[in-house]
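To start, the structure under review is shown below, and the notes come after it.
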Amino acid sequence: MSPIRVIILGYKGQMGQALLRCAAKMGELSVVGQVDEGDSLEAVIGQADVVIDFSFHSVTPNAVKCCAAAGKAIVIGTTGHTDSEKTEIRANASRIPMVWASNYSTGVNTLFWLTRKATEILGPSFDLEVVEMHHRIKKDAPSGTASTLAEILADVRKQQLAEVLRHGREGITGARTSSEIGMHSLRGGDVVGDHTVIYAALGERVELTHKASSRDTFANGALRAAAWAVKQKPGLYDMQDVLGLK
């Protein structure tokens, strides 16, 4: 059986290098193209079965359009998209298989699942806070993973996230409301990615935490998603679909 042909978009970045390193250990995948700033995805797209995009949020919409035109699957690992970029990306979901996730770690996706279950079980008497920490050169905040966690919390409580999300606190803020979801972003050193969901009630507290020590965790998940995506019908999927958690 021929290996699945992969193009890495954003190969010069830290995640791109992790993808190349991990792909070399997977016999079922073969990297046939490496694309970064100044290179043309269109020039090599015909050689691939799937593109893995870990470039930059503003690059992703055109990458998706290129894949759709060529009939190739895509795995999207960029974060920090604007609303208009998200709309452009979703517009192609009926044309090709797209896996779009804020985090490709198996452990983090288990955290997503646990967060939903814990929120359902603990109920409205617990205050909700999300804390994330990443390396000093990360460009967006909060992280895509933290945003997904907040979206899960709001979804379970049937809230509009934009109305209840509170980024940090400063000054005389008044008492915490029961409806708000706190979000706190820390940056420093070479932290790969830490995420904690805090459930705080009177007399007790529950914390769900995931800590990543290597980018290979995310790379292996994205490569797994790529192998899965090429076998799917056109549509918009996430890592929960890949792992069979839905």
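All residue names refer to the structure tokens as shown: chains lettered A, B, ... in order, residues numbered from 1 in each chain, ligands numbered from 1 in order.
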* Contacts of stretch 46-63 of chain A at 9 Å (only C-alpha atoms; same-chain gap of 2+ positions) as an NGL selection string -> :A and (4-13 or 15-16 or 19 or 31-33 or 36-37 or 41-44 or 65-68 or 70-82 or 85-89 or 222-223 or 226-227 or 229-230)
* In stretch 39-244 of chain A, what's strand (DSSP E or B) per DSSP? Answer as a PyMOL selection string? -> chain A and resi 50-53+73-76+97-100+127-134+165-167+181-187+193-201+204-212+235-237
Could you write out that same residue set with C-alpha atoms as an mmCIF file, in the first residue's frame?
```cif
data_model
loop_
_atom_site.group_PDB
_atom_site.id
_atom_site.type_symbol
_atom_site.label_atom_id
_atom_site.label_comp_id
_atom_site.auth_asym_id
_atom_site.auth_seq_id
_atom_site.Cartn_x
_atom_site.Cartn_y
_atom_site.Cartn_z
ATOM 1 C CA VAL A 50 -3.371 16.024 2.311
ATOM 2 C CA VAL A 51 -1.942 19.320 3.577
ATOM 3 C CA ILE A 52 -1.124 19.970 7.237
ATOM 4 C CA ASP A 53 -1.217 23.698 7.965
ATOM 5 C CA ALA A 73 -7.846 17.138 2.354
ATOM 6 C CA ILE A 74 -6.436 19.600 4.877
ATOM 7 C CA VAL A 75 -5.596 19.506 8.585
ATOM 8 C CA ILE A 76 -5.689 22.992 10.131
ATOM 9 C CA PRO A 97 -12.452 16.807 4.189
ATOM 10 C CA MET A 98 -11.139 19.365 6.702
ATOM 11 C CA VAL A 99 -9.950 18.582 10.225
ATOM 12 C CA TRP A 100 -9.860 21.819 12.207
ATOM 13 C CA ASP A 127 -17.430 29.227 39.425
ATOM 14 C CA LEU A 128 -15.510 28.600 36.202
ATOM 15 C CA GLU A 129 -11.973 29.805 35.436
ATOM 16 C CA VAL A 130 -9.538 28.837 32.664
ATOM 17 C CA VAL A 131 -5.776 29.367 33.045
ATOM 18 C CA GLU A 132 -3.258 28.751 30.281
ATOM 19 C CA MET A 133 0.502 29.254 29.990
ATOM 20 C CA HIS A 134 2.742 29.168 26.923
ATOM 21 C CA LEU A 165 -16.094 35.741 29.146
ATOM 22 C CA ARG A 166 -13.856 37.867 31.393
ATOM 23 C CA HIS A 167 -10.163 38.283 30.595
ATOM 24 C CA ILE A 181 -16.133 32.520 32.824
ATOM 25 C CA GLY A 182 -12.671 33.756 33.751
ATOM 26 C CA MET A 183 -9.800 33.541 31.265
ATOM 27 C CA HIS A 184 -6.146 34.069 32.198
ATOM 28 C CA SER A 185 -3.162 33.873 29.831
ATOM 29 C CA LEU A 186 0.395 33.529 31.142
ATOM 30 C CA ARG A 187 3.523 33.798 29.000
ATOM 31 C CA GLY A 193 1.481 24.420 26.788
ATOM 32 C CA ASP A 194 -0.305 24.166 30.137
ATOM 33 C CA HIS A 195 -4.094 24.350 30.502
ATOM 34 C CA THR A 196 -6.226 24.182 33.637
ATOM 35 C CA VAL A 197 -9.978 24.390 34.103
ATOM 36 C CA ILE A 198 -10.928 25.389 37.650
ATOM 37 C CA TYR A 199 -14.331 24.647 39.206
ATOM 38 C CA ALA A 200 -14.574 26.560 42.497
ATOM 39 C CA ALA A 201 -17.506 26.286 44.898
ATOM 40 C CA GLU A 204 -14.425 22.588 47.512
ATOM 41 C CA ARG A 205 -12.560 23.000 44.236
ATOM 42 C CA VAL A 206 -12.005 20.715 41.252
ATOM 43 C CA GLU A 207 -9.174 21.287 38.775
ATOM 44 C CA LEU A 208 -8.596 19.558 35.439
ATOM 45 C CA THR A 209 -5.069 20.089 34.097
ATOM 46 C CA HIS A 210 -3.089 19.064 31.043
ATOM 47 C CA LYS A 211 0.606 19.881 30.649
ATOM 48 C CA ALA A 212 2.526 19.293 27.444
ATOM 49 C CA GLY A 235 -16.985 17.939 5.702
ATOM 50 C CA LEU A 236 -15.703 19.836 8.712
ATOM 51 C CA TYR A 237 -14.277 17.590 11.442
#
```
* Enumerate, as a PyMOL selection string, the complete set of residues in stretch 3-222 of chain A that a backbone-based DSSP assignment places in alpha helix (DSSP H). => chain A and resi 14-23+60-70+83-90+106-122+144-156+161-164+216-222
Those selected residues, please, written with C-alpha atoms and delivered as an mmCIF file, in the first residue's frame.
```cif
data_model
loop_
_atom_site.group_PDB
_atom_site.id
_atom_site.type_symbol
_atom_site.label_atom_id
_atom_site.label_comp_id
_atom_site.auth_asym_id
_atom_site.auth_seq_id
_atom_site.Cartn_x
_atom_site.Cartn_y
_atom_site.Cartn_z
ATOM 1 C CA GLN A 14 8.566 24.899 15.698
ATOM 2 C CA MET A 15 5.474 22.827 14.950
ATOM 3 C CA GLY A 16 6.520 22.379 11.336
ATOM 4 C CA GLN A 17 9.855 20.964 12.435
ATOM 5 C CA ALA A 18 8.111 18.649 14.909
ATOM 6 C CA LEU A 19 5.838 17.402 12.118
ATOM 7 C CA LEU A 20 8.799 16.633 9.884
ATOM 8 C CA ARG A 21 10.595 14.852 12.718
ATOM 9 C CA CYS A 22 7.580 12.720 13.665
ATOM 10 C CA ALA A 23 6.483 11.993 10.092
ATOM 11 C CA THR A 60 -5.072 29.419 6.252
ATOM 12 C CA PRO A 61 -8.059 30.680 4.186
ATOM 13 C CA ASN A 62 -6.034 30.717 0.956
ATOM 14 C CA ALA A 63 -4.511 27.345 1.811
ATOM 15 C CA VAL A 64 -8.004 25.910 2.242
ATOM 16 C CA LYS A 65 -9.119 27.401 -1.084
ATOM 17 C CA CYS A 66 -6.059 25.889 -2.786
ATOM 18 C CA CYS A 67 -6.822 22.457 -1.323
ATOM 19 C CA ALA A 68 -10.491 22.724 -2.287
ATOM 20 C CA ALA A 69 -9.593 23.612 -5.882
ATOM 21 C CA ALA A 70 -7.274 20.597 -6.059
ATOM 22 C CA ASP A 83 -14.399 35.948 12.227
ATOM 23 C CA SER A 84 -14.024 36.640 8.496
ATOM 24 C CA GLU A 85 -11.210 34.079 8.210
ATOM 25 C CA LYS A 86 -13.347 31.490 9.978
ATOM 26 C CA THR A 87 -16.174 32.156 7.520
ATOM 27 C CA GLU A 88 -13.835 31.737 4.542
ATOM 28 C CA ILE A 89 -12.533 28.446 5.912
ATOM 29 C CA ARG A 90 -15.965 26.976 6.661
ATOM 30 C CA THR A 106 -4.772 13.065 22.490
ATOM 31 C CA GLY A 107 -4.460 14.176 26.112
ATOM 32 C CA VAL A 108 -5.912 17.629 25.455
ATOM 33 C CA ASN A 109 -8.843 16.167 23.569
ATOM 34 C CA THR A 110 -9.463 13.921 26.553
ATOM 35 C CA LEU A 111 -9.410 17.128 28.631
ATOM 36 C CA PHE A 112 -12.074 18.588 26.333
ATOM 37 C CA TRP A 113 -14.247 15.515 26.921
ATOM 38 C CA LEU A 114 -13.685 15.566 30.681
ATOM 39 C CA THR A 115 -14.432 19.300 30.834
ATOM 40 C CA ARG A 116 -17.823 18.792 29.246
ATOM 41 C CA LYS A 117 -18.678 15.930 31.592
ATOM 42 C CA ALA A 118 -17.449 17.740 34.710
ATOM 43 C CA THR A 119 -19.417 20.867 33.827
ATOM 44 C CA GLU A 120 -22.566 18.815 33.369
ATOM 45 C CA ILE A 121 -22.076 16.979 36.669
ATOM 46 C CA LEU A 122 -20.968 19.867 38.906
ATOM 47 C CA GLY A 144 -6.848 28.236 20.842
ATOM 48 C CA THR A 145 -7.063 25.384 23.339
ATOM 49 C CA ALA A 146 -8.111 27.713 26.160
ATOM 50 C CA SER A 147 -10.731 29.263 23.892
ATOM 51 C CA THR A 148 -12.112 25.813 23.100
ATOM 52 C CA LEU A 149 -12.308 25.005 26.810
ATOM 53 C CA ALA A 150 -14.245 28.230 27.424
ATOM 54 C CA GLU A 151 -16.563 27.416 24.519
ATOM 55 C CA ILE A 152 -17.299 24.012 26.062
ATOM 56 C CA LEU A 153 -18.072 25.599 29.437
ATOM 57 C CA ALA A 154 -20.426 28.147 27.880
ATOM 58 C CA ASP A 155 -22.094 25.538 25.675
ATOM 59 C CA VAL A 156 -22.912 23.257 28.605
ATOM 60 C CA LEU A 161 -19.490 33.084 25.465
ATOM 61 C CA ALA A 162 -18.932 36.663 24.302
ATOM 62 C CA GLU A 163 -21.349 37.861 26.967
ATOM 63 C CA VAL A 164 -19.816 36.010 29.936
ATOM 64 C CA ASP A 216 5.758 15.915 19.317
ATOM 65 C CA THR A 217 2.478 15.230 21.147
ATOM 66 C CA PHE A 218 0.680 17.728 18.914
ATOM 67 C CA ALA A 219 2.586 16.686 15.797
ATOM 68 C CA ASN A 220 1.733 13.003 16.176
ATOM 69 C CA GLY A 221 -1.923 13.898 16.648
ATOM 70 C CA ALA A 222 -1.973 16.096 13.542
#
```
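Closest approach to A:Asp238 among A:Ser213, A:Met26, A:Ser102, A:Ser94 is made by A:Ser102 (distances from only C-alpha atoms).
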